[in-house]
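Colleague: Structure file start12.tsv (TSV, C-alpha atoms and all ligand atoms) is given on the next line.
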```
chain	number	residue	atom	x	y	z
A	1	MET	CA	-23.77	-5.77	-6.40
A	2	PRO	CA	-22.31	-2.37	-5.45
A	3	ASP	CA	-24.44	0.69	-6.14
A	4	TYR	CA	-22.09	2.35	-8.63
A	5	ALA	CA	-24.61	5.09	-9.48
A	6	HIS	CA	-24.73	6.15	-5.83
A	7	ALA	CA	-20.93	6.03	-5.57
A	8	VAL	CA	-20.58	8.20	-8.67
A	9	GLU	CA	-23.15	10.65	-7.32
A	10	LEU	CA	-21.15	11.00	-4.11
A	11	LEU	CA	-17.85	11.47	-5.97
A	12	ARG	CA	-19.38	14.09	-8.24
A	13	ALA	CA	-20.71	15.90	-5.16
A	14	GLY	CA	-17.16	16.09	-3.77
A	15	GLU	CA	-17.64	13.30	-1.21
A	16	LEU	CA	-15.29	10.43	-0.40
A	17	VAL	CA	-15.87	6.80	-1.40
A	18	ALA	CA	-13.72	3.91	-0.20
A	19	PHE	CA	-13.32	1.12	-2.75
A	20	PRO	CA	-11.34	-2.09	-3.20
A	21	THR	CA	-8.38	-2.42	-5.53
A	22	GLU	CA	-6.29	-5.54	-6.11
A	23	THR	CA	-3.64	-4.18	-3.71
A	24	VAL	CA	-5.40	-2.47	-0.78
A	25	TYR	CA	-8.61	-0.47	-0.27
A	26	GLY	CA	-8.40	3.12	-1.46
A	27	LEU	CA	-10.10	6.25	-0.11
A	28	GLY	CA	-11.26	7.98	-3.26
A	29	ALA	CA	-12.17	11.50	-4.30
A	30	ASP	CA	-12.65	13.25	-7.64
A	31	ALA	CA	-9.01	13.99	-8.47
A	32	ALA	CA	-9.95	17.13	-10.42
A	33	ASN	CA	-11.79	18.63	-7.44
A	34	PRO	CA	-9.34	20.24	-4.98
A	35	GLN	CA	-11.94	20.56	-2.18
A	36	ALA	CA	-12.82	16.89	-2.45
A	37	VAL	CA	-9.14	15.88	-2.42
A	38	SER	CA	-8.50	18.09	0.63
A	39	ARG	CA	-11.07	16.04	2.52
A	40	ILE	CA	-8.88	12.97	2.06
A	41	PHE	CA	-6.00	14.73	3.78
A	42	ALA	CA	-8.23	15.99	6.59
A	43	ILE	CA	-9.86	12.65	7.35
A	44	LYS	CA	-6.61	10.66	7.11
A	45	ASN	CA	-4.62	13.22	9.08
A	46	ARG	CA	-2.17	13.08	6.23
A	47	PRO	CA	0.53	15.75	5.82
A	48	ALA	CA	-0.17	17.93	2.76
A	49	ASP	CA	3.20	17.15	1.17
A	50	HIS	CA	2.35	13.44	0.70
A	51	PRO	CA	1.01	13.31	-2.86
A	52	LEU	CA	-1.77	10.95	-3.94
A	53	ILE	CA	-2.03	8.35	-6.67
A	54	VAL	CA	-4.62	9.11	-9.36
A	55	HIS	CA	-6.51	5.99	-10.45
A	56	LEU	CA	-7.57	5.81	-14.08
A	57	PRO	CA	-10.10	3.59	-15.91
A	58	ASP	CA	-7.61	2.65	-18.64
A	59	ALA	CA	-4.23	3.54	-20.08
A	60	ASN	CA	-5.75	5.88	-22.67
A	61	ALA	CA	-6.94	8.16	-19.86
A	62	PHE	CA	-3.45	9.19	-18.84
A	63	SER	CA	-2.48	11.81	-21.41
A	64	PRO	CA	-4.48	14.73	-19.90
A	65	TRP	CA	-2.61	14.26	-16.59
A	66	VAL	CA	0.94	14.41	-17.95
A	67	ARG	CA	3.16	16.83	-19.85
A	68	SER	CA	4.82	14.11	-21.86
A	69	ILE	CA	4.74	10.34	-22.04
A	70	PRO	CA	8.21	8.78	-22.08
A	71	SER	CA	8.43	5.62	-24.22
A	72	ALA	CA	9.22	3.57	-21.11
A	73	ALA	CA	5.94	4.72	-19.55
A	74	ARG	CA	3.97	3.58	-22.58
A	75	ALA	CA	5.70	0.22	-22.55
A	76	LEU	CA	5.13	-0.31	-18.82
A	77	ALA	CA	1.49	0.79	-19.02
A	78	GLU	CA	0.86	-1.55	-21.91
A	79	ALA	CA	2.50	-4.48	-20.17
A	80	PHE	CA	1.33	-4.06	-16.58
A	81	TRP	CA	-1.91	-2.02	-16.55
A	82	PRO	CA	-4.37	-2.83	-15.17
A	83	GLY	CA	-2.09	-3.91	-12.35
A	84	PRO	CA	-0.11	-3.05	-9.22
A	85	LEU	CA	2.20	-0.52	-10.87
A	86	THR	CA	2.16	3.25	-10.29
A	87	LEU	CA	3.98	5.53	-12.73
A	88	VAL	CA	5.34	8.90	-11.63
A	89	LEU	CA	5.45	11.29	-14.61
A	90	PRO	CA	5.82	15.01	-15.27
A	91	ARG	CA	2.43	16.52	-14.48
A	92	ALA	CA	0.21	18.58	-16.76
A	93	PRO	CA	-0.09	22.20	-15.55
A	94	ASN	CA	-3.77	21.95	-14.61
A	95	VAL	CA	-3.40	18.97	-12.24
A	96	PRO	CA	-4.46	20.29	-8.82
A	97	ASP	CA	-1.54	21.00	-6.47
A	98	VAL	CA	-3.34	19.26	-3.66
A	99	VAL	CA	-3.08	15.96	-5.60
A	100	THR	CA	0.65	16.25	-6.28
A	101	GLY	CA	1.66	17.84	-2.98
A	102	GLY	CA	2.82	20.81	-5.06
A	103	GLN	CA	5.38	18.65	-6.91
A	104	GLU	CA	6.02	18.79	-10.65
A	105	THR	CA	5.07	15.14	-11.03
A	106	VAL	CA	1.90	13.08	-10.79
A	107	ALA	CA	1.46	9.41	-9.84
A	108	LEU	CA	-0.94	7.34	-11.99
A	109	ARG	CA	-2.22	3.79	-12.04
A	110	VAL	CA	-4.96	1.59	-13.50
A	111	PRO	CA	-6.00	-0.90	-10.81
A	112	ALA	CA	-6.69	-4.53	-11.70
A	113	HIS	CA	-9.91	-4.98	-9.76
A	114	GLN	CA	-13.34	-5.27	-11.33
A	115	VAL	CA	-15.05	-3.12	-8.70
A	116	ALA	CA	-12.47	-0.35	-8.98
A	117	LEU	CA	-12.59	-0.46	-12.78
A	118	LYS	CA	-16.39	-0.40	-12.87
A	119	LEU	CA	-16.41	2.57	-10.51
A	120	LEU	CA	-13.78	4.40	-12.57
A	121	ARG	CA	-15.62	3.73	-15.81
A	122	ALA	CA	-19.00	4.75	-14.38
A	123	PHE	CA	-17.40	7.95	-13.05
A	124	ALA	CA	-15.93	8.71	-16.48
A	125	ARG	CA	-19.15	7.89	-18.33
A	126	SER	CA	-21.13	10.20	-16.04
A	127	GLY	CA	-18.94	13.11	-17.12
A	128	GLY	CA	-16.99	13.09	-13.83
A	129	GLY	CA	-13.84	15.13	-13.53
A	130	CYS	CA	-13.13	18.59	-14.89
A	131	GLY	CA	-11.21	20.23	-17.75
A	132	GLY	CA	-10.36	16.90	-19.38
A	133	LEU	CA	-8.98	15.47	-16.14
A	134	CYS	CA	-10.91	12.37	-15.12
A	135	GLY	CA	-9.65	10.11	-12.36
A	136	ILE	CA	-10.05	9.14	-8.73
A	137	ALA	CA	-7.33	10.22	-6.31
A	138	ALA	CA	-6.97	7.57	-3.65
A	139	PRO	CA	-4.46	6.81	-0.95
A	140	SER	CA	-4.77	3.63	1.07
A	141	ALA	CA	-7.92	3.94	3.21
A	142	ASN	CA	-6.24	4.11	6.61
A	143	ARG	CA	-5.32	6.96	8.91
A	144	PHE	CA	-1.82	8.30	8.40
A	145	GLY	CA	0.73	5.92	9.90
A	146	HIS	CA	-1.66	2.97	10.29
A	147	VAL	CA	-1.70	-0.38	8.48
A	148	SER	CA	-3.29	-0.39	5.02
A	149	PRO	CA	-6.74	-2.01	4.76
A	150	THR	CA	-7.24	-5.21	2.77
A	151	ARG	CA	-10.89	-5.73	3.77
A	152	ALA	CA	-13.90	-3.41	3.88
A	153	GLU	CA	-14.16	-4.07	7.63
A	154	HIS	CA	-10.68	-2.62	8.15
A	155	VAL	CA	-11.87	0.61	6.55
A	156	ARG	CA	-15.04	0.74	8.63
A	157	GLU	CA	-13.14	0.04	11.85
A	158	GLU	CA	-10.73	2.84	11.02
A	159	PHE	CA	-13.19	5.53	9.97
A	160	GLY	CA	-16.62	4.51	11.29
A	161	ASP	CA	-19.29	6.73	9.77
A	162	ALA	CA	-16.85	9.42	8.70
A	163	ILE	CA	-16.88	8.05	5.13
A	164	PRO	CA	-20.30	8.10	3.45
A	165	LEU	CA	-19.69	4.91	1.42
A	166	VAL	CA	-17.36	1.93	1.69
A	167	ILE	CA	-17.79	-0.39	-1.28
A	168	ASP	CA	-17.23	-3.95	-0.11
A	169	GLY	CA	-15.40	-6.02	-2.71
A	170	GLY	CA	-14.17	-8.71	-0.33
A	171	PRO	CA	-10.51	-9.23	0.58
A	172	CYS	CA	-7.94	-7.66	-1.74
A	173	PRO	CA	-6.41	-10.37	-3.94
A	174	VAL	CA	-2.85	-8.98	-3.82
A	175	GLY	CA	-2.87	-7.44	-0.36
A	176	ILE	CA	0.24	-5.27	-0.61
A	177	GLU	CA	0.58	-1.87	-2.30
A	178	SER	CA	1.57	-1.11	-5.88
A	179	THR	CA	5.18	-0.71	-6.97
A	180	ILE	CA	5.91	2.99	-7.64
A	181	VAL	CA	8.30	3.78	-10.51
A	182	ASP	CA	9.58	7.29	-11.16
A	183	LEU	CA	10.03	8.01	-14.87
A	184	SER	CA	9.89	11.77	-14.46
A	185	ARG	CA	13.64	12.37	-14.71
A	186	GLY	CA	13.63	11.96	-18.47
A	187	GLU	CA	14.90	9.45	-21.00
A	188	GLY	CA	18.55	9.72	-19.97
A	189	PHE	CA	17.91	8.44	-16.46
A	190	ALA	CA	17.27	4.93	-15.19
A	191	PRO	CA	13.73	4.30	-13.96
A	192	ARG	CA	13.75	4.63	-10.21
A	193	ILE	CA	11.62	2.59	-7.84
A	194	LEU	CA	10.25	4.84	-5.10
A	195	ARG	CA	8.32	2.13	-3.26
A	196	LEU	CA	8.71	-1.63	-3.52
A	197	GLY	CA	5.38	-3.28	-4.13
A	198	ALA	CA	3.51	-6.13	-5.69
A	199	LEU	CA	5.20	-5.91	-9.10
A	200	PRO	CA	8.79	-7.19	-8.76
A	201	PRO	CA	11.52	-4.83	-10.10
A	202	GLU	CA	12.92	-7.75	-12.11
A	203	ARG	CA	9.79	-7.76	-14.28
A	204	ILE	CA	10.22	-4.06	-15.01
A	205	GLU	CA	13.89	-4.59	-15.85
A	206	ALA	CA	13.06	-7.52	-18.11
A	207	LEU	CA	10.46	-5.52	-20.00
A	208	LEU	CA	12.53	-2.36	-20.45
A	209	GLY	CA	15.85	-4.13	-20.90
A	210	THR	CA	17.47	-1.69	-18.45
A	211	ARG	CA	18.44	-1.73	-14.81
A	212	VAL	CA	16.13	0.09	-12.43
A	213	GLU	CA	17.27	1.91	-9.33
A	214	LEU	CA	16.02	0.31	-6.15
A	215	PRO	CA	14.88	2.51	-3.27
A	216	LYS	CA	17.17	3.38	-0.42
A	217	ALA	CA	16.02	1.91	2.89
A	218	SER	CA	12.45	3.16	3.16
A	219	GLN	CA	11.46	5.35	6.04
A	220	LYS	CA	8.87	4.05	8.47
A	221	SER	CA	5.42	4.86	7.26
A	222	GLU	CA	2.49	2.66	8.11
A	223	ALA	CA	2.63	0.45	11.14
A	224	PRO	CA	0.41	-1.39	13.56
A	225	ARG	CA	-0.16	0.47	16.81
A	226	THR	CA	1.49	-2.45	18.60
A	227	PRO	CA	5.30	-2.34	18.36
A	228	LEU	CA	6.62	-4.95	15.92
A	229	THR	CA	10.06	-6.51	15.85
A	230	ALA	CA	11.45	-9.11	13.44
A	231	VAL	CA	13.23	-12.02	15.12
A	232	LYS	CA	14.93	-15.08	13.61
A	233	ALA	CA	12.95	-18.29	13.95
A	234	SER	CA	15.73	-19.89	15.99
A	235	ARG	CA	15.53	-17.12	18.60
A	236	LEU	CA	11.74	-16.80	18.76
A	237	PRO	CA	11.11	-19.39	21.52
A	238	GLU	CA	13.52	-17.79	23.94
A	239	VAL	CA	12.44	-14.21	23.18
A	240	CYS	CA	8.78	-15.16	23.67
A	241	GLU	CA	9.68	-16.91	26.91
A	242	LYS	CA	11.64	-13.94	28.21
A	243	LEU	CA	9.02	-11.31	27.38
A	244	THR	CA	6.17	-13.45	28.69
A	245	ALA	CA	8.09	-13.95	31.93
A	246	GLU	CA	8.34	-10.16	32.16
A	247	GLY	CA	4.53	-10.09	32.08
A	248	LYS	CA	4.22	-8.90	28.48
A	249	LYS	CA	1.48	-10.08	26.17
A	250	ILE	CA	3.11	-11.20	22.95
A	251	GLY	CA	1.60	-11.72	19.50
A	252	VAL	CA	3.65	-13.79	17.08
A	253	LEU	CA	3.52	-13.85	13.31
A	254	VAL	CA	5.38	-16.75	11.71
A	255	PHE	CA	5.47	-18.74	8.49
A	256	SER	CA	7.46	-21.74	9.77
A	257	PRO	CA	5.53	-24.47	11.59
A	258	ILE	CA	6.76	-23.31	15.00
A	259	ASP	CA	3.76	-21.37	16.26
A	260	ALA	CA	2.46	-24.07	18.59
A	261	GLU	CA	5.75	-24.12	20.51
A	262	LEU	CA	5.81	-20.41	21.20
A	263	ARG	CA	4.67	-18.94	24.48
A	264	ALA	CA	2.44	-16.13	23.35
A	265	GLN	CA	-0.96	-14.56	23.84
A	266	ALA	CA	-1.79	-14.68	20.12
A	267	ARG	CA	-0.19	-16.66	17.30
A	268	LEU	CA	-0.73	-16.37	13.59
A	269	ARG	CA	0.91	-18.54	10.96
A	270	LEU	CA	0.97	-17.21	7.41
A	271	PRO	CA	1.79	-19.18	4.25
A	272	ASP	CA	5.48	-19.70	3.52
A	273	ASP	CA	5.12	-18.47	-0.05
A	274	PRO	CA	5.94	-14.75	-0.38
A	275	GLU	CA	2.91	-13.82	-2.48
A	276	ALA	CA	0.47	-15.66	-0.25
A	277	TYR	CA	2.22	-14.20	2.81
A	278	ALA	CA	1.86	-10.68	1.38
A	279	ARG	CA	-1.83	-11.25	0.69
A	280	ALA	CA	-2.43	-12.14	4.34
A	281	LEU	CA	0.03	-9.80	6.06
A	282	TYR	CA	-2.03	-6.65	6.67
A	283	ASP	CA	-5.06	-8.62	7.80
A	284	ALA	CA	-2.80	-10.43	10.28
A	285	LEU	CA	-1.42	-7.12	11.55
A	286	HIS	CA	-4.95	-5.78	12.00
A	287	THR	CA	-5.86	-8.94	13.95
A	288	LEU	CA	-2.78	-8.77	16.16
A	289	ASP	CA	-3.37	-5.05	16.75
A	290	ALA	CA	-6.86	-5.86	17.96
A	291	ALA	CA	-5.65	-8.69	20.24
A	292	GLY	CA	-4.37	-6.25	22.87
A	293	CYS	CA	-0.75	-7.42	22.82
A	294	ASP	CA	2.16	-5.34	24.11
A	295	ALA	CA	4.41	-6.41	21.26
A	296	ILE	CA	4.31	-8.28	17.97
A	297	LEU	CA	7.23	-10.54	17.10
A	298	ALA	CA	7.44	-11.43	13.41
A	299	GLU	CA	9.62	-14.30	12.23
A	300	SER	CA	12.35	-12.78	10.01
A	301	VAL	CA	11.69	-13.58	6.36
A	302	PRO	CA	14.34	-15.10	4.07
A	303	ASP	CA	16.97	-12.82	2.57
A	304	ASP	CA	15.80	-13.55	-0.96
A	305	PRO	CA	14.55	-11.23	-3.75
A	306	ARG	CA	11.19	-13.00	-3.77
A	307	TRP	CA	10.66	-11.82	-0.19
A	308	ARG	CA	11.97	-8.29	-0.81
A	309	THR	CA	8.63	-6.45	-0.61
A	310	VAL	CA	7.46	-8.32	2.47
A	311	ALA	CA	10.82	-7.67	4.18
A	312	ASP	CA	10.44	-3.99	3.30
A	313	ARG	CA	6.97	-3.85	4.84
A	314	LEU	CA	8.07	-5.63	8.01
A	315	ARG	CA	10.97	-3.21	8.30
A	316	ASP	CA	8.49	-0.38	7.85
A	317	GLN	CA	6.42	-1.68	10.71
A	318	GLU	CA	9.38	-2.29	12.93
A	319	THR	CA	9.82	-0.21	16.03
A	320	ASP	CA	12.56	-0.11	18.61
A	321	GLN	CA	10.13	0.01	21.46
A	322	VAL	CA	10.20	-3.64	22.49
A	323	SER	CA	12.42	-3.40	25.55
A	324	GLY	CA	15.80	-3.87	24.01
A	325	ILE	CA	15.01	-6.93	21.89
A	326	ARG	CA	16.59	-5.51	18.81
A	327	CYS	CA	19.87	-4.64	20.44
A	328	GLN	CA	20.12	-8.05	22.08
A	329	GLU	CA	18.97	-10.03	19.09
A	330	SER	CA	20.79	-8.12	16.37
A	331	ASP	CA	19.23	-10.65	14.06
A	332	ARG	CA	19.44	-8.87	10.73
B	401	LIG	O1	-1.54	0.05	-4.15
B	401	LIG	C1	-1.58	1.26	-4.01
B	401	LIG	O2	-0.73	2.02	-4.54
B	401	LIG	C2	-2.71	1.86	-3.15
B	401	LIG	C3	-4.02	1.64	-3.89
B	401	LIG	C4	-5.20	2.27	-3.16
B	401	LIG	O3	-3.91	2.12	-5.19
B	401	LIG	N1	-2.49	3.23	-2.89
B	401	LIG	C5	-1.54	3.67	-2.03
B	401	LIG	O4	-1.57	5.04	-1.83
B	401	LIG	O5	-0.76	2.95	-1.46
B	401	LIG	P1	-0.79	5.77	-0.65
B	401	LIG	O6	-1.25	7.18	-0.75
B	401	LIG	O7	-1.04	5.09	0.62
B	401	LIG	O8	0.68	5.69	-1.08
B	401	LIG	C6	1.07	6.40	-2.25
B	401	LIG	C7	2.50	6.70	-2.24
B	401	LIG	C8	2.90	7.70	-1.18
B	401	LIG	O9	4.04	7.20	-0.52
B	401	LIG	C9	3.24	8.94	-1.97
B	401	LIG	O10	4.27	9.68	-1.38
B	401	LIG	C10	3.66	8.37	-3.31
B	401	LIG	O11	2.79	7.31	-3.50
B	401	LIG	N2	3.45	9.34	-4.39
B	401	LIG	C11	2.28	9.81	-4.86
B	401	LIG	N3	2.48	10.73	-5.80
B	401	LIG	C12	3.81	10.86	-5.96
B	401	LIG	C13	4.64	11.67	-6.78
B	401	LIG	N4	4.13	12.55	-7.63
B	401	LIG	N5	5.96	11.54	-6.65
B	401	LIG	C14	6.48	10.64	-5.78
B	401	LIG	N6	5.74	9.85	-4.95
B	401	LIG	C15	4.44	9.97	-5.06
B	402	MG	MG	-0.74	4.23	2.32
```
Output the file's structure in the form of structure tokens.
Ligand code: TXA
Ligand code: MG

Modeller:
Amino acid sequence: MPDYAHAVELLRAGELVAFPTETVYGLGADAANPQAVSRIFAIKNRPADHPLIVHLPDANAFSPWVRSIPSAARALAEAFWPGPLTLVLPRAPNVPDVVTGGQETVALRVPAHQVALKLLRAFARSGGGCGGLCGIAAPSANRFGHVSPTRAEHVREEFGDAIPLVIDGGPCPVGIESTIVDLSRGEGFAPRILRLGALPPERIEALLGTRVELPKASQKSEAPRTPLTAVKASRLPEVCEKLTAEGKKIGVLVFSPIDAELRAQARLRLPDDPEAYARALYDALHTLDAAGCDAILAESVPDDPRWRTVADRLRDQETDQVSGIRCQESDR
């Protein structure tokens, strides 16, 4: 049983605490304490203009953080919180700039994980926060540009003793980050998805009865250190063969039953269901990163809305560094 009292003590003293959520592990600080939040940026090596998500114990806790609550925000919070949905709303004036990256908006979510919720509630009950603002600011608990952690071990491997407490809640049940929806543009504008995530846009559209704007191709953000390229299943055997013949150590990540046929140093087969695949993806990338390969080849996922978030994450991870494979394969 996690020592919540100790975790709360650390947070209230301005220290960092890593904790599990249903999506990925977060690296938390008292969101009302600018010095504490600055530590997150320092330890992650994160640029100051990348704002953080504030985690709340329940939907009632969100009014102090925002200037106004659009009706769509209320409806989404009611339907999907606790859950893998982050709402971007106009910020209240006293929200620390370091949390919002100086922007006029703030990102909020209530995570659906018992450990996270118990921590958030214990923090609130202890009188944590300041000036009516009570929440835990937490990005994914990885260094900037690295793969998000879905197990406590991933966090410890990444940061060692640099974080005073990592609460171990086992593997994250969802395994891929929350969907971020921007509602800050006001009632006249369509909700805009800033990051695809675990909650499908179709569910948001169905609830609100409006179309939502999907993100433009996302920029690369968090990737394994080993270059990753997506390759169609039909081409995988020959690409593996070619790169292995060149003396490269290849790690493959597939969901079709073809792994045994592939010439590779390390092979991982994930489930062929998109949700189960997503749950296992980051752990697989951590494993392949640790296997000392020169390149990771991931089987291209189906061009189907159910696979949209996974495809987005694989694209995010993708690099052009694998000696010309992409140009030759042109497989997407
Ligand atoms: O599932 C998740 O969302 C996890 C867990 C720990 O809650 N958190 C997470 O945080 O993925 P992070 O910091 O790795 O990604 C948060 C994203 C960043 O891309 C950031 O730019 C965006 O949220 N974001 C935060 N505040 C924003 C704001 N006010 N406006 C637009 N984007 C914002
Ligand atoms: Mg992240």

Colleague: Let me see if you get this right: every residue at most 6 Å from ligand LIG 401 (chain B), counting all atoms listed in the file, written as JSON, numbers by chain.

Modeller: {"A": [23, 24, 25, 26, 50, 51, 52, 53, 88, 100, 105, 106, 107, 138, 139, 140, 177, 178]}

Colleague: Can you tell me which residues come within 8 Å of ligand MG 402 (chain B) when counting only C-alpha atoms and all ligand atoms, ideally as a compact mmCIF listing (two decimals) with C-alpha atoms, in the frame of the given file?

Modeller:
```
# COMPACT_ATOMS: atom_id res chain seq x y z
CA PRO A 139 -4.46 6.81 -0.95
CA SER A 140 -4.77 3.63 1.07
CA ALA A 141 -7.92 3.94 3.21
CA ASN A 142 -6.24 4.11 6.61
CA PHE A 144 -1.82 8.30 8.40
CA GLY A 145 0.73 5.92 9.90
CA VAL A 147 -1.70 -0.38 8.48
CA SER A 148 -3.29 -0.39 5.02
CA GLU A 177 0.58 -1.87 -2.30
CA SER A 221 5.42 4.86 7.26
CA GLU A 222 2.49 2.66 8.11
```

Colleague: So that I can see what lies close to Asp273 of chain A, please list as a tab-separated table (two decimals) with C-alpha atoms, in the coordinates of the input the residues with an atom at most 12 Å from it, counting only C-alpha atoms and leaving out residues fewer than 4 positions away in the same chain.

Modeller:
```
chain	number	residue	atom	x	y	z
A	254	VAL	CA	5.38	-16.75	11.71
A	255	PHE	CA	5.47	-18.74	8.49
A	256	SER	CA	7.46	-21.74	9.77
A	269	ARG	CA	0.91	-18.54	10.96
A	277	TYR	CA	2.22	-14.20	2.81
A	278	ALA	CA	1.86	-10.68	1.38
A	279	ARG	CA	-1.83	-11.25	0.69
A	280	ALA	CA	-2.43	-12.14	4.34
A	281	LEU	CA	0.03	-9.80	6.06
A	301	VAL	CA	11.69	-13.58	6.36
A	302	PRO	CA	14.34	-15.10	4.07
A	304	ASP	CA	15.80	-13.55	-0.96
A	306	ARG	CA	11.19	-13.00	-3.77
A	307	TRP	CA	10.66	-11.82	-0.19
A	310	VAL	CA	7.46	-8.32	2.47
```

Colleague: Dump as a list in words all residues having an atom at most 9 Å from (0.8, 4.7, -23.2), computed in the file's coordinates with all atoms listed in the file.

Modeller: Ala59, Asn60, Phe62, Ser63, Ile69, Pro70, Ser71, Ala72, Ala73, Arg74, Ala75, Leu76, Ala77 and Glu78 of chain A

Colleague: Could you tell me how far atom CA of Leu89 of chain A sits from atom CA of Ser184 of chain A, in Å to one decimal place?

Modeller: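 Between these atoms lies a distance of 4.5 Å.
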
Colleague: Just the number, please: distance in Å from atom CA of Glu261 of chain A to atom CA of Gln317 of chain A, one decimal.

Modeller: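 Spanning atom CA of Glu261 of chain A to atom CA of Gln317 of chain A is a straight-line distance of 24.5 Å.
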
Colleague: Expressed in Å to a single decimal, how great is the separation between atom CA of Gly247 of chain A and atom CA of His286 of chain A?

Modeller: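 Those two atoms sit 22.6 Å apart.
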
Colleague: When you look at segment 195-199 of chain A with a cut-off of 7 Å (counting only C-alpha atoms), what residues show up, excluding the ones that are within fewer than 4 positions of it in the same chain? I need them as a list in words.

Modeller: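 My reading of the contact set: Pro84, Leu85, Ile176, Glu177, Ser178, Thr179, Ile180, Pro215 and Thr309 of chain A.
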
Colleague: Just the selected residues (C-alpha atoms), exported as an mmCIF file, in the coordinates of the input, please.

Modeller:
```
data_model
loop_
_atom_site.group_PDB
_atom_site.id
_atom_site.type_symbol
_atom_site.label_atom_id
_atom_site.label_comp_id
_atom_site.auth_asym_id
_atom_site.auth_seq_id
_atom_site.Cartn_x
_atom_site.Cartn_y
_atom_site.Cartn_z
ATOM 1 C CA PRO A 84 -0.110 -3.050 -9.220
ATOM 2 C CA LEU A 85 2.200 -0.520 -10.870
ATOM 3 C CA ILE A 176 0.240 -5.270 -0.610
ATOM 4 C CA GLU A 177 0.580 -1.870 -2.300
ATOM 5 C CA SER A 178 1.570 -1.110 -5.880
ATOM 6 C CA THR A 179 5.180 -0.710 -6.970
ATOM 7 C CA ILE A 180 5.910 2.990 -7.640
ATOM 8 C CA PRO A 215 14.880 2.510 -3.270
ATOM 9 C CA THR A 309 8.630 -6.450 -0.610
#
```

Colleague: What's the 7 Å shell around Ile296 of chain A, counting only C-alpha atoms, without same-chain residues fewer than 4 positions away, as a PyMOL selection string?

Modeller: chain A and resi 226-229+250-252

Colleague: Residues of the last selection are to be written out with C-alpha atoms, as a tab-separated table (two decimals), in the coordinates of the input.

Modeller:
```tsv
chain	number	residue	atom	x	y	z
A	226	THR	CA	1.49	-2.45	18.60
A	227	PRO	CA	5.30	-2.34	18.36
A	228	LEU	CA	6.62	-4.95	15.92
A	229	THR	CA	10.06	-6.51	15.85
A	250	ILE	CA	3.11	-11.20	22.95
A	251	GLY	CA	1.60	-11.72	19.50
A	252	VAL	CA	3.65	-13.79	17.08
```

Colleague: What's around Lys249 of chain A at 7 Å? Count all atoms listed in the file, leave out sequence neighbours fewer than 3 positions away in its own chain, and write the answer as a list of chain:residue names.

Modeller: A:Thr244, A:Ala264, A:Gln265, A:Cys293, A:Asp294, A:Ala295

Colleague: Can you tell me which residues surround Asp58 of chain A at a distance of at most 8 Å, considering only C-alpha atoms, apart from same-chain residues fewer than 2 positions away, and format the answer as a list in words?

Modeller: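 Surrounding residues, per the criterion: Leu56, Asn60, Ala61, Phe62, Trp81, Pro82 and Val110 of chain A.
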
Colleague: Ranking A:Lys118, A:His154, A:Arg235, A:Arg125 by minimum distance to Ala284 of chain A and counting all atoms listed in the file, which one comes first?

Modeller: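 Smallest distance to Ala284 of chain A is found for A:His154.
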
Colleague: Can you work out which one of A:His146, A:Arg185, A:Arg39, A:Arg192 has the shortest atom-to-atom distance to Thr86 of chain A, counting all atoms listed in the file?

Modeller: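 Closest to Thr86 of chain A, using all atoms listed in the file: A:Arg192.
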
Colleague: Rank A:Gly160, A:Gly83, A:Pro20, A:Pro57 by their smallest atom-to-atom distance to Ile136 of chain A, using all atoms listed in the file, and report the top residue only.

Modeller: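 The answer is A:Pro57, which sits nearest to Ile136 of chain A.
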
Colleague: Nearest to Gly292 of chain A: which of A:Asp168, A:Leu214, A:Pro224, A:Glu246 is it, counting only C-alpha atoms?

Modeller: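 Selected residue with least distance to Gly292 of chain A: A:Pro224.
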
Colleague: Regenerate segment 106-111 of chain A at the level of N, CA, C and O atoms and dump it as a PDB file, keeping the file's coordinate frame.

Modeller:
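Result file part.pdb:
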```pdb
ATOM      1  N   VAL A 106       3.161  13.681 -11.233  1.00  0.00           N
ATOM      2  CA  VAL A 106       1.900  13.080 -10.790  1.00  0.00           C
ATOM      3  C   VAL A 106       2.029  11.559 -10.864  1.00  0.00           C
ATOM      4  O   VAL A 106       2.709  11.031 -11.749  1.00  0.00           O
ATOM      5  N   ALA A 107       1.405  10.873  -9.902  1.00  0.00           N
ATOM      6  CA  ALA A 107       1.460   9.410  -9.840  1.00  0.00           C
ATOM      7  C   ALA A 107       0.151   8.840 -10.383  1.00  0.00           C
ATOM      8  O   ALA A 107      -0.932   9.266  -9.975  1.00  0.00           O
ATOM      9  N   LEU A 108       0.247   7.881 -11.303  1.00  0.00           N
ATOM     10  CA  LEU A 108      -0.940   7.340 -11.990  1.00  0.00           C
ATOM     11  C   LEU A 108      -0.927   5.821 -11.977  1.00  0.00           C
ATOM     12  O   LEU A 108       0.137   5.206 -12.101  1.00  0.00           O
ATOM     13  N   ARG A 109      -2.132   5.247 -11.847  1.00  0.00           N
ATOM     14  CA  ARG A 109      -2.220   3.790 -12.040  1.00  0.00           C
ATOM     15  C   ARG A 109      -3.617   3.364 -12.429  1.00  0.00           C
ATOM     16  O   ARG A 109      -4.601   4.016 -12.087  1.00  0.00           O
ATOM     17  N   VAL A 110      -3.686   2.234 -13.149  1.00  0.00           N
ATOM     18  CA  VAL A 110      -4.960   1.590 -13.500  1.00  0.00           C
ATOM     19  C   VAL A 110      -5.040   0.318 -12.666  1.00  0.00           C
ATOM     20  O   VAL A 110      -4.251  -0.613 -12.867  1.00  0.00           O
ATOM     21  N   PRO A 111      -5.953   0.273 -11.695  1.00  0.00           N
ATOM     22  CA  PRO A 111      -6.000  -0.900 -10.810  1.00  0.00           C
ATOM     23  C   PRO A 111      -6.613  -2.119 -11.497  1.00  0.00           C
ATOM     24  O   PRO A 111      -7.492  -1.980 -12.347  1.00  0.00           O
TER      25      PRO A 111
END
```
